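Asker: Right, I'll just put the structure down here and ask away after.
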Amino acid sequence: MNYKIAVIDGDGIGPEVVAAALNVLNAIGKKFKHKFNFKRVLMGGRAIDATGVPLPKETVSACKRSDAVLLGAVGGPKWDKLPGHLRPEAGLLGIRAALGLYANIRPAVLYPSLADACPLRPDIAAKGIDLIVVRELTGGMYFGKRGLREGKFGAEAWDTEKYNVMEIRRICKIGFETARARRGKLTSIDKANVLESSRLWRKTVHEMAADYPDVALDDMLVDNAAMQLVRNPAQFDVIVTSNIFGDILSDEASMVTGSIGLLASSSLGEKNPGLFEPIHGSAPDIAGQDKADPIATILSAAMLLRSLKLGAEANAVETAVKRTLSETPFRTVDIASAGQTVVGCSRMGEVVEGYI
Ligand code: IPM
Ligand code: MG
């Protein structure tokens, strides 16, 4: 089959990790006889430099015309002084909104071969980590009304956390369905002891629970969840939560599995193609040095393949990553421990590719 993939290299380490993932996709194409046509489009800092805006219209239309979108990462100090709506991150939020990608799926798995990279106590790590964060992606504080004005004590600023039942229902449905297909446990994370929006969230998710008798639903306050992810991450199967809480908790979930350089994500909606990206940022401090970990982007490419209903191909990519980690001594610097061989981003990509 022929597939059209829109590719956003992005900023910082984005182009390096994307290059590794595209090589892996090409290897998959060769092995399984598919043709992936990559169409490069601009977003983020590079789009600002080239066009003056972080999300050019052509990018949105090219993404809509594709079968899936692969993204590296956007942002960097060069664009930090720009007003909010012109920052690279506004491009990312804009594409999520333009494609209606309300469901962000972020799996966090501790590979046995990376147990040494796990910062948790060995007895905690030994219980394993295999969870999925289902993060709401087009609502809440990221998209609520905000402002900045002169107040009585000088400048004051505000952001609004707002959710309606439709938004809560559709993301929790993904949470229930994801849990149903796994170990049947769903933890809904909120701050219902303080926030009205969380109380509506909690009420709604409980109303839905009757339709999923096979799923065990729990609530957890977000502060407790932050602690539980370190104390006993094995207790989690699927987490469903708001945009802001999901942003924070998924970084934490990634670090307890060894490195933020390992976590992939997919962002899905109803009508448009999905967007697949590592959860890490553009890491300007190591950009252009061939030090980045390409695994999160390679695993994002596996999620992309699965969204195209190419399950065997997706499995082949995941197996290649697992075998790289369990059968070779090669590691990028973020996950290397004593006695292992530190390699760069492109070499690490080649090793994975070799297992396709
Ligand atoms: C993420 C990132 C983004 C977010 C930033 C870059 C806007 O942290 O995808 O988790 O907050 O959603
Ligand atoms: Mg984040």
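Going through the structure tokens in order, the chains are called A, B, and so on, while each chain numbers its residues from 1 and the ligands are numbered from 1 in the order shown.
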Around ligand 1, which protein and nucleic acid residues have at least one atom no more than 7 Å from it, if we count only C-alpha atoms and all ligand atoms? List them as a list in words.
Answerer: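 What falls inside 7 Å of ligand 1 is Val74, Glu89, Leu92, Leu93, Asp247, Ile279, His280 and Gly281 of chain A.
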Asker: Contacts of stretch 307-321 of chain A at 6 Å or less, counting only C-alpha atoms, minus same-chain residues fewer than 2 places along, as a ChimeraX atom specification?
Answerer: /A:302,304-305,323-324,352,355-356
Asker: Go ahead and save the picked residues with C-alpha atoms, as a CSV table (one decimal), in the first residue's frame.
Answerer:
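Generated file (again.csv):
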```csv
chain,number,residue,atom,x,y,z
A,302,ALA,CA,5.1,2.3,15.7
A,304,LEU,CA,1.5,5.6,13.7
A,305,LEU,CA,1.7,2.3,11.9
A,323,ARG,CA,15.8,-6.4,21.0
A,324,THR,CA,18.1,-3.5,20.6
A,352,VAL,CA,17.1,-0.5,15.7
A,355,TYR,CA,16.5,-5.5,13.7
A,356,ILE,CA,13.6,-4.7,11.3
```
Asker: What does the distance from atom 1 (Mg, counted along the ligand's line) of ligand 2 to atom CA of A:Lys39 come to in Å, to one decimal?
Answerer: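 Straight-line distance from atom 1 (Mg, counted along the ligand's line) of ligand 2 to atom CA of A:Lys39 works out to 25.5 Å.
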Asker: As a quick test: using only C-alpha atoms and all ligand atoms, which residues lie no more than 10 Å away from ligand 2? Give them as a ChimeraX atom specification.
Answerer: /A:243-252,278-281
Asker: Next, write the just-selected residues to a file, as a PDB file, in the first residue's frame, keeping N, CA, C and O atoms as the atom set.
Answerer:
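Output file part_38.pdb is given in full below:
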```pdb
ATOM      1  N   ASN A 243      -6.048  17.840  30.499  1.00  0.00           N
ATOM      2  CA  ASN A 243      -4.910  18.283  29.696  1.00  0.00           C
ATOM      3  C   ASN A 243      -3.704  18.639  30.575  1.00  0.00           C
ATOM      4  O   ASN A 243      -2.602  18.086  30.404  1.00  0.00           O
ATOM      5  N   ILE A 244      -3.902  19.509  31.534  1.00  0.00           N
ATOM      6  CA  ILE A 244      -2.769  19.977  32.341  1.00  0.00           C
ATOM      7  C   ILE A 244      -2.228  18.880  33.264  1.00  0.00           C
ATOM      8  O   ILE A 244      -1.020  18.684  33.371  1.00  0.00           O
ATOM      9  N   PHE A 245      -3.133  18.134  33.905  1.00  0.00           N
ATOM     10  CA  PHE A 245      -2.645  17.071  34.803  1.00  0.00           C
ATOM     11  C   PHE A 245      -1.936  15.984  33.989  1.00  0.00           C
ATOM     12  O   PHE A 245      -0.919  15.420  34.399  1.00  0.00           O
ATOM     13  N   GLY A 246      -2.469  15.697  32.799  1.00  0.00           N
ATOM     14  CA  GLY A 246      -1.853  14.672  31.945  1.00  0.00           C
ATOM     15  C   GLY A 246      -0.479  15.103  31.456  1.00  0.00           C
ATOM     16  O   GLY A 246       0.428  14.286  31.310  1.00  0.00           O
ATOM     17  N   ASP A 247      -0.333  16.395  31.203  1.00  0.00           N
ATOM     18  CA  ASP A 247       0.971  16.909  30.782  1.00  0.00           C
ATOM     19  C   ASP A 247       2.007  16.639  31.876  1.00  0.00           C
ATOM     20  O   ASP A 247       3.085  16.099  31.624  1.00  0.00           O
ATOM     21  N   ILE A 248       1.636  16.984  33.084  1.00  0.00           N
ATOM     22  CA  ILE A 248       2.590  16.876  34.194  1.00  0.00           C
ATOM     23  C   ILE A 248       2.848  15.406  34.545  1.00  0.00           C
ATOM     24  O   ILE A 248       3.995  14.966  34.655  1.00  0.00           O
ATOM     25  N   LEU A 249       1.771  14.639  34.692  1.00  0.00           N
ATOM     26  CA  LEU A 249       1.951  13.254  35.137  1.00  0.00           C
ATOM     27  C   LEU A 249       2.646  12.392  34.082  1.00  0.00           C
ATOM     28  O   LEU A 249       3.349  11.438  34.422  1.00  0.00           O
ATOM     29  N   SER A 250       2.475  12.735  32.793  1.00  0.00           N
ATOM     30  CA  SER A 250       3.136  11.891  31.786  1.00  0.00           C
ATOM     31  C   SER A 250       4.646  12.126  31.782  1.00  0.00           C
ATOM     32  O   SER A 250       5.403  11.197  31.503  1.00  0.00           O
ATOM     33  N   ASP A 251       5.085  13.332  32.097  1.00  0.00           N
ATOM     34  CA  ASP A 251       6.542  13.515  32.247  1.00  0.00           C
ATOM     35  C   ASP A 251       7.057  12.684  33.419  1.00  0.00           C
ATOM     36  O   ASP A 251       8.122  12.050  33.340  1.00  0.00           O
ATOM     37  N   GLU A 252       6.298  12.669  34.494  1.00  0.00           N
ATOM     38  CA  GLU A 252       6.723  11.887  35.665  1.00  0.00           C
ATOM     39  C   GLU A 252       6.726  10.396  35.321  1.00  0.00           C
ATOM     40  O   GLU A 252       7.692   9.682  35.624  1.00  0.00           O
ATOM     41  N   PRO A 278       7.110  12.054  20.061  1.00  0.00           N
ATOM     42  CA  PRO A 278       7.682  11.720  21.363  1.00  0.00           C
ATOM     43  C   PRO A 278       7.142  12.712  22.392  1.00  0.00           C
ATOM     44  O   PRO A 278       6.796  13.829  22.028  1.00  0.00           O
ATOM     45  N   ILE A 279       7.072  12.315  23.651  1.00  0.00           N
ATOM     46  CA  ILE A 279       6.528  13.286  24.619  1.00  0.00           C
ATOM     47  C   ILE A 279       7.597  14.286  25.067  1.00  0.00           C
ATOM     48  O   ILE A 279       7.299  15.274  25.698  1.00  0.00           O
ATOM     49  N   HIS A 280       8.859  14.021  24.703  1.00  0.00           N
ATOM     50  CA  HIS A 280       9.891  14.954  25.145  1.00  0.00           C
ATOM     51  C   HIS A 280       9.867  16.238  24.316  1.00  0.00           C
ATOM     52  O   HIS A 280       9.214  16.316  23.272  1.00  0.00           O
ATOM     53  N   GLY A 281      10.613  17.216  24.777  1.00  0.00           N
ATOM     54  CA  GLY A 281      10.667  18.499  24.088  1.00  0.00           C
ATOM     55  C   GLY A 281      11.823  18.545  23.102  1.00  0.00           C
ATOM     56  O   GLY A 281      12.392  17.505  22.721  1.00  0.00           O
TER      57      GLY A 281
END
```
Asker: Set the distance at 8 Å and use only C-alpha atoms: which residues neighbour A:Ile298 once local chain neighbours fewer than 3 positions away are removed? I'd like the list as a list in words.
Answerer: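 Counting only the stated atoms, we get Val17, Val18, Ala20, Ala21, Val24, Ala264, Pro294, Ile295, Ala301, Ala302 and Val317 of chain A.
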Asker: Using only C-alpha atoms, can you tell me which of A:Leu70, A:Ala210, A:Ile132, A:Ala225 comes closest to A:Phe276?
Answerer: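 Ranked by minimum distance to A:Phe276, first place goes to A:Leu70.
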Asker: For A:Asp211, which residue among A:Ile335, A:Cys172, A:Ala287, A:Ala27 is the nearest when counting only C-alpha atoms?
Answerer: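 For A:Asp211, the nearest of the given residues is A:Cys172.
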Asker: Using only C-alpha atoms, which protein or nucleic acid residues come within 12 Å of A:Met255? Drop anything in the same chain fewer than 6 positions from it, and give the result as a list of chain:residue names.
Answerer: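 With the cut-off at 12 Å, the set is A:Ala108, A:Val109, A:Leu110, A:Leu114, A:Ala117, A:Cys118, A:Pro119, A:Leu120, A:Ile129, A:Leu229, A:Val230, A:Pro233, A:Ile248, A:Leu249, A:Gly261, A:Leu262, A:Leu263, A:Ile279, A:His280, A:Asp334, A:Ile335.
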Asker: So, counting only C-alpha atoms, which residue among A:Trp158, A:Tyr102, A:Phe236, A:Phe153 is closest to A:Ile189?
Answerer: A:Phe236
Asker: In terms of the shortest atom-to-atom distance over only C-alpha atoms, which of A:Gly258, A:Pro112, A:Gly128, A:Pro56 is closest to A:Val333?
Answerer: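 Of A:Gly258, A:Pro112, A:Gly128, A:Pro56, the one nearest A:Val333 is A:Gly258, counting only C-alpha atoms.
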Asker: Would you compute the distance between atom CA of A:Thr297 and atom CA of A:Ala283? Give it in Å to one decimal.
Answerer: 13.8 Å
Asker: Report, in Å with one decimal, the straight-line distance from atom CA of A:Phe32 to atom CA of A:Ile8.
Answerer: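 Taking atom CA of A:Phe32 and atom CA of A:Ile8, their separation equals 24.2 Å.
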Asker: Near A:Asn2, within 12 Å and counting only C-alpha atoms, which residues show up once chain neighbours fewer than 5 positions away are dropped, as a PyMOL selection string?
Answerer: chain A and resi 29-30+32-38+66-67+308
Asker: Taking N, CA and C atoms for each residue, export the selection above as a JSON list (two decimals), in the first residue's frame.
Answerer:
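Written output follows (selection36.json):
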```
[["chain", "number", "residue", "atom", "x", "y", "z"],
["A", 29, "GLY", "N", 8.81, -0.29, 5.28],
["A", 29, "GLY", "CA", 8.23, -0.23, 3.93],
["A", 29, "GLY", "C", 8.84, -1.29, 3.03],
["A", 30, "LYS", "N", 10.15, -1.41, 3.13],
["A", 30, "LYS", "CA", 10.87, -2.36, 2.29],
["A", 30, "LYS", "C", 10.47, -3.80, 2.63],
["A", 32, "PHE", "N", 7.78, -4.91, 4.33],
["A", 32, "PHE", "CA", 6.36, -5.27, 4.19],
["A", 32, "PHE", "C", 5.75, -4.77, 2.88],
["A", 33, "LYS", "N", 6.60, -4.23, 2.00],
["A", 33, "LYS", "CA", 6.16, -3.77, 0.68],
["A", 33, "LYS", "C", 5.10, -2.66, 0.75],
["A", 34, "HIS", "N", 5.42, -1.64, 1.52],
["A", 34, "HIS", "CA", 4.60, -0.43, 1.51],
["A", 34, "HIS", "C", 5.47, 0.71, 1.01],
["A", 35, "LYS", "N", 4.78, 1.74, 0.52],
["A", 35, "LYS", "CA", 5.53, 2.94, 0.16],
["A", 35, "LYS", "C", 5.03, 4.07, 1.05],
["A", 36, "PHE", "N", 5.94, 4.61, 1.85],
["A", 36, "PHE", "CA", 5.58, 5.76, 2.67],
["A", 36, "PHE", "C", 6.07, 7.02, 1.95],
["A", 37, "ASN", "N", 5.16, 7.87, 1.58],
["A", 37, "ASN", "CA", 5.54, 9.14, 0.96],
["A", 37, "ASN", "C", 5.57, 10.21, 2.03],
["A", 38, "PHE", "N", 6.75, 10.70, 2.32],
["A", 38, "PHE", "CA", 6.88, 11.69, 3.39],
["A", 38, "PHE", "C", 6.76, 13.10, 2.81],
["A", 66, "SER", "N", -3.12, 14.07, 4.70],
["A", 66, "SER", "CA", -2.23, 12.91, 4.86],
["A", 66, "SER", "C", -2.94, 11.77, 5.60],
["A", 67, "ASP", "N", -2.26, 10.63, 5.68],
["A", 67, "ASP", "CA", -2.83, 9.51, 6.43],
["A", 67, "ASP", "C", -2.43, 9.57, 7.89],
["A", 308, "LEU", "N", -2.67, 3.10, 11.20],
["A", 308, "LEU", "CA", -2.96, 2.80, 9.79],
["A", 308, "LEU", "C", -3.40, 1.34, 9.63]]
```
Asker: Taking the backbone alone, and naming residues the way the document does, which bits of stretch 56-244 of chain A are strand (DSSP E) by DSSP, as a PyMOL selection string?
Answerer: chain A and resi 68-73+103-109+130-136+146-151+154-159+185-190+216-221+238-241
Asker: Extract, using only C-alpha atoms, all DNA, RNA and protein residues at most 12 Å from A:Thr241, discarding same-chain residues fewer than 2 positions from it, and format them as a VMD selection string.
Answerer: chain A and resid 102 to 106 132 to 137 139 to 140 163 167 to 176 186 to 192 197 to 198 201 to 202 205 219 to 222 225 238 to 239 243 to 250
Asker: Of the candidates A:Leu148, A:Leu200, A:Leu55, A:Ile124, which shows the shortest atom-to-atom distance to A:Glu161, using only C-alpha atoms?
Answerer: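 Among the listed residues, the smallest separation from A:Glu161 belongs to A:Leu200.
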